[in-house]
Amino acid sequence: MDITRLRKKVGQLMVVGFKGITASDDIKELIREHHVGGIILFGRNIGSPQEILSLTQELQQVAKDAGHEQPLLICIDQENGVVRRLGEGTTIFPGAMLLGATGEPENAYQVGVATGKELKALGINWNLAPVMDVNNNPENPVIGVRSFGEAADMVSEFGRMAMKGMQEAGIITTLKHFPGHGDTNVDSHLDLPVISHNIERLEQIELKPFIDSIKAGADTIMSAHVYFPAIEDTPGVPATLSRKVITGLLRGKLGFDGVVTTDCMEMNAIANTIGTAKGGVEAIKAGVDLIMVSHLHHLQKETIDAIVAAVESGEIDDAQIEAAVTRVTRLKEKYCSWDEVGSSQVPSIVGGKEHQQLAHDIYKQGITIEKNNEILPLKDKRVLVVYCENKYTMQVEDKRYSSMYLGEAIKEIDETAEVVELSNPATGEEIQEVAAKAQHYDAVIVGTLTVQKRDAQTKLVEALVNTGVPVVVVATRSPYDLAFLPEVHAYICTYEFPYPALRMAAKAIYGLEKVTGKLPVTIPK
């Protein structure tokens with residue numbers, strides 16, 4: 001294989017990111033000179049719907065002018081709920097665990113279709129969703145409410161329906177994070193998690209949602225930067241770099257012949273161990289097709305150079321590159337067309353009434369009143385609303401959407417409510433002051449965000465409960481907060497903190513809407 005042709009083929013196996021809401025010089029260079037085949041968009045790339053469409057069209061035009069045979073894959077993490085990239089002007093759809101709480105897999109399908117239609121309308125052809133991880137570890141710091149629930153059968157059904165919905169809208173889907181990231185207590189953005197279960201247990205729980213969706217026509221699967229000693233006997237080798245996991249298990253045993261992509265190779269589980277560029281080489285050797293380097297331009301180029309050098313030296317077989325390119329080409333043939341490049345107007349379906357109504361109806365079905373000691377609905381009461389500032393708690397969440405709007409949601413209904421936002425973590429002095437203040441009210445609504453044992457949030461709630469004033473907790477993210485707050489009078493789970501979820505919770509608190517969600521996870525005693 002001549003070097004120019006080789007570099008173009010390797011470029012097609014790269015998924016890269018950049019900064020800005022217009023195409024940067026760096027990304028144009030990678031598309032033109034290195035023929036990179038995939039782009040990942042983050043919050044830093046997202047403007048108005050019109051700006052997003054202009055950006056995706058610009059990127060595709062650069063590729064077309066550079067002689068790319070097929071359009072770029074343009075992907076995004078639009079899981080909905082707490083992990084979303086689209087903002088103003090688009091519909092805020094419920095995330096996975098809230099969908100699970102509705103008990104209706106059809107809702108996952110409908111949100112999948114609607115999400116897919118909005119992405120497609122903005123020139124995005126690939127969604128890095130749905131999450132197929134089974135959240136059977138309440139202490140998981142990175143999956144949690146991104147999962148549909150704690151039962152493998154249920155996650156499988158909801159995930160499969162979400163996948164089918166997006167595919168129906170013409171969007172490439174990605175099952176993540178193979179072979180399962182649900183039973184970890186370490187965030188792979190920060191370190192290398194280990195899942196030590198035997199293969200029988202993995203097949204029953206972690207692998208089941210992937211197996212079922214592979215049979216149902218999965219497009220792409222994202223590997224987890226997690227070490228599974230039951231499958232890979234070399235210590236510390238994550239699934240992403242393991243030939244036994246990718247080629248042996250996923251391709252061989254499970255028969256998946258679609259595209260396998262890595263998670264970002266700049267995450268600490270890779271970057272701080274083998275390194276990003278060398279990790280890219282090992283991932284290709286393991287049987288992965290697409291290498292994701294989301295952020296740094298020099299690492300993107302270093303990774304391309306390292307893979308090209310590994311092919312030239314014989315470390316990577318030519319046939320491995322050809323097989324990967326063939327799978328990527330086949331995926332693009334199915335979902336991508338140059339005919340879609342050139343569209344300049346955002347269709348009215350984006351953020352439109354039909355999708356807003358769908359989201360509203362599902363929030364109503366999913367938000368969960370888990371406990372109510374005859375305090376709800378609040379009627380004619382003087383209400384104090386208290387919460388700590390939201391400092392987003394997962395690396396994968398978007399800082400732009402981390403504001404806590406519970407106070408605004410309550411005041412939309414009850415103008416007389418008083419709102420107090422504390423620092424995060426709240427100081428002892430703040431807690432004492434707000435507890436003293438609470439005694440002048442008939443009820444206190446407290447917003448919590450992923451409570452930990454004996455943290456400032458538990459101390460805040462305890463201080464408020466001790467005043468004797470009824471306390472209503474709104475768990476605006478993790479449903480497991482109740483495990484640390486057993487004495488509260490009422491407990492509502494929203495599973496996420498976007499405004500529509502909090503507004504629906506507020507309406508439920510005041511008896512203006514009847515919410516019917518059921519917890520899809522078990523609260524530890």
# chains A, B, ... in the order shown; residues from 1 in each chain; ligands from 1
call {"tool": "select_by_dssp", "arguments": {"residues": "region 23-79 of chain A", "states": "helix (DSSP H, G or I)", "output": "PyMOL selection string"}}
result
chain A and resi 25-34+43-45+49-65
call {"tool": "residues_around", "arguments": {"residues": "Leu460 (chain A)", "least_positions_apart": "4", "cutoff": "7 Å", "atoms": "only C-alpha atoms", "output": "mmCIF file with N, CA and C atoms, in the first residue's frame"}}
result
data_model
loop_
_atom_site.group_PDB
_atom_site.id
_atom_site.type_symbol
_atom_site.label_atom_id
_atom_site.label_comp_id
_atom_site.auth_asym_id
_atom_site.auth_seq_id
_atom_site.Cartn_x
_atom_site.Cartn_y
_atom_site.Cartn_z
ATOM 1 N N ILE A 431 -25.582 26.365 56.867
ATOM 2 C CA ILE A 431 -26.587 25.379 57.268
ATOM 3 C C ILE A 431 -27.340 25.870 58.510
ATOM 4 N N ALA A 456 -22.113 17.517 53.102
ATOM 5 C CA ALA A 456 -22.800 18.748 53.514
ATOM 6 C C ALA A 456 -24.295 18.688 53.208
ATOM 7 N N LEU A 464 -32.488 20.680 58.729
ATOM 8 C CA LEU A 464 -33.842 21.133 58.393
ATOM 9 C C LEU A 464 -34.907 20.214 58.998
#
call {"tool": "residues_around", "arguments": {"residues": "region 414-419 of chain A", "least_positions_apart": "2", "cutoff": "8 Å", "atoms": "only C-alpha atoms", "output": "mmCIF file with N, CA and C atoms, in the first residue's frame"}}
result
data_model
loop_
_atom_site.group_PDB
_atom_site.id
_atom_site.type_symbol
_atom_site.label_atom_id
_atom_site.label_comp_id
_atom_site.auth_asym_id
_atom_site.auth_seq_id
_atom_site.Cartn_x
_atom_site.Cartn_y
_atom_site.Cartn_z
ATOM 1 N N ARG A 382 -46.454 28.604 53.366
ATOM 2 C CA ARG A 382 -45.268 29.437 53.172
ATOM 3 C C ARG A 382 -44.095 28.494 52.939
ATOM 4 N N VAL A 383 -43.475 28.612 51.786
ATOM 5 C CA VAL A 383 -42.480 27.617 51.346
ATOM 6 C C VAL A 383 -41.103 28.255 51.207
ATOM 7 N N LEU A 384 -40.099 27.558 51.745
ATOM 8 C CA LEU A 384 -38.694 27.918 51.557
ATOM 9 C C LEU A 384 -38.048 26.868 50.657
ATOM 10 N N VAL A 385 -37.320 27.311 49.645
ATOM 11 C CA VAL A 385 -36.629 26.401 48.723
ATOM 12 C C VAL A 385 -35.123 26.548 48.954
ATOM 13 N N VAL A 386 -34.434 25.439 49.178
ATOM 14 C CA VAL A 386 -33.006 25.461 49.504
ATOM 15 C C VAL A 386 -32.255 24.444 48.641
ATOM 16 N N GLY A 407 -35.339 26.602 42.054
ATOM 17 C CA GLY A 407 -35.981 27.800 42.603
ATOM 18 C C GLY A 407 -36.874 28.477 41.585
ATOM 19 N N ILE A 410 -40.079 26.427 41.030
ATOM 20 C CA ILE A 410 -41.051 26.580 42.118
ATOM 21 C C ILE A 410 -41.725 27.960 42.031
ATOM 22 N N LYS A 411 -40.926 28.997 41.802
ATOM 23 C CA LYS A 411 -41.485 30.360 41.789
ATOM 24 C C LYS A 411 -42.413 30.594 40.592
ATOM 25 N N GLU A 412 -42.225 29.790 39.526
ATOM 26 C CA GLU A 412 -43.142 29.885 38.393
ATOM 27 C C GLU A 412 -44.573 29.557 38.843
ATOM 28 N N GLU A 421 -29.906 29.781 47.715
ATOM 29 C CA GLU A 421 -28.880 28.917 47.114
ATOM 30 C C GLU A 421 -27.627 28.994 47.977
#
call {"tool": "select_by_dssp", "arguments": {"residues": "region 232-461 of chain A", "states": "strand (DSSP E or B)", "output": "number ranges by chain"}}
result
A: 259-264, 290-293, 368-372, 383-388, 418-422, 443-448
call {"tool": "atom_distance", "arguments": {"atom1": "CA of Arg327 (chain A)", "atom2": "CA of Pro179 (chain A)"}}
result
20.2 Å
call {"tool": "residues_around", "arguments": {"residues": "Val474 (chain A)", "least_positions_apart": "6", "cutoff": "10 Å", "atoms": "only C-alpha atoms", "output": "short mmCIF file (atom, residue, chain, number, x, y, z; two decimals) with N, CA and C atoms, in the first residue's frame"}}
result
data_model
loop_
_atom_site.label_atom_id
_atom_site.label_comp_id
_atom_site.auth_asym_id
_atom_site.auth_seq_id
_atom_site.Cartn_x
_atom_site.Cartn_y
_atom_site.Cartn_z
N THR A 368 -40.91 10.68 39.72
CA THR A 368 -41.35 9.68 40.70
C THR A 368 -41.49 10.27 42.10
N ILE A 369 -42.69 10.16 42.67
CA ILE A 369 -42.86 10.47 44.09
C ILE A 369 -42.67 9.16 44.85
N TYR A 387 -31.10 24.82 48.12
CA TYR A 387 -30.25 23.87 47.43
C TYR A 387 -28.85 24.45 47.32
N LEU A 406 -34.19 24.81 40.22
CA LEU A 406 -35.34 24.38 41.04
C LEU A 406 -36.09 25.59 41.60
N ILE A 445 -38.57 22.90 50.71
CA ILE A 445 -38.24 22.05 49.56
C ILE A 445 -36.73 22.11 49.39
N VAL A 446 -36.08 20.94 49.42
CA VAL A 446 -34.62 20.87 49.30
C VAL A 446 -34.26 20.14 48.01
N GLY A 447 -33.44 20.76 47.18
CA GLY A 447 -32.92 20.09 45.99
C GLY A 447 -31.59 19.45 46.31
N THR A 448 -31.45 18.14 46.01
CA THR A 448 -30.18 17.45 46.25
C THR A 448 -29.57 17.00 44.93
N LEU A 449 -28.26 16.82 44.96
CA LEU A 449 -27.50 16.41 43.77
C LEU A 449 -26.47 15.36 44.18
N ASP A 481 -30.17 9.15 46.53
CA ASP A 481 -30.01 10.11 47.64
C ASP A 481 -30.82 9.72 48.87
N LEU A 482 -31.98 9.09 48.67
CA LEU A 482 -32.86 8.74 49.79
C LEU A 482 -32.18 7.81 50.79
N ALA A 490 -41.22 13.91 52.36
CA ALA A 490 -41.57 13.52 50.98
C ALA A 490 -40.29 13.50 50.15
N TYR A 491 -40.30 12.62 49.13
CA TYR A 491 -39.09 12.43 48.32
C TYR A 491 -39.50 12.23 46.87
N ILE A 492 -38.99 13.10 46.02
CA ILE A 492 -39.32 13.07 44.58
C ILE A 492 -38.03 12.91 43.79
N CYS A 493 -38.04 12.02 42.81
CA CYS A 493 -36.88 11.84 41.92
C CYS A 493 -37.19 12.43 40.56
N THR A 494 -36.30 13.32 40.08
CA THR A 494 -36.41 13.81 38.70
C THR A 494 -35.38 13.16 37.79
N TYR A 495 -34.34 12.53 38.36
CA TYR A 495 -33.29 11.81 37.62
C TYR A 495 -32.39 12.73 36.80
N LEU A 502 -37.54 19.76 36.27
CA LEU A 502 -37.77 20.44 37.55
C LEU A 502 -39.13 21.13 37.57
N ALA A 505 -41.67 18.49 38.32
CA ALA A 505 -41.62 18.15 39.75
C ALA A 505 -42.32 19.21 40.57
N ALA A 506 -42.09 20.47 40.22
CA ALA A 506 -42.74 21.57 40.94
C ALA A 506 -44.26 21.48 40.82
N ILE A 509 -45.48 18.77 43.09
CA ILE A 509 -45.44 19.17 44.51
C ILE A 509 -46.67 19.99 44.87
#
call {"tool": "closest_residue", "arguments": {"among": "A:Glu312, A:Ala169, A:Leu519, A:Leu192", "to": "Leu6 (chain A)", "atoms": "only C-alpha atoms"}}
result
A:Glu312
call {"tool": "residues_around", "arguments": {"residues": "region 149-166 of chain A", "least_positions_apart": "2", "cutoff": "9 Å", "atoms": "only C-alpha atoms", "output": "VMD selection string"}}
result
chain A and resid 96 to 97 99 to 101 103 to 117 127 129 to 137 144 to 147 168 to 175 182 204 to 213 216 to 218 519 to 522
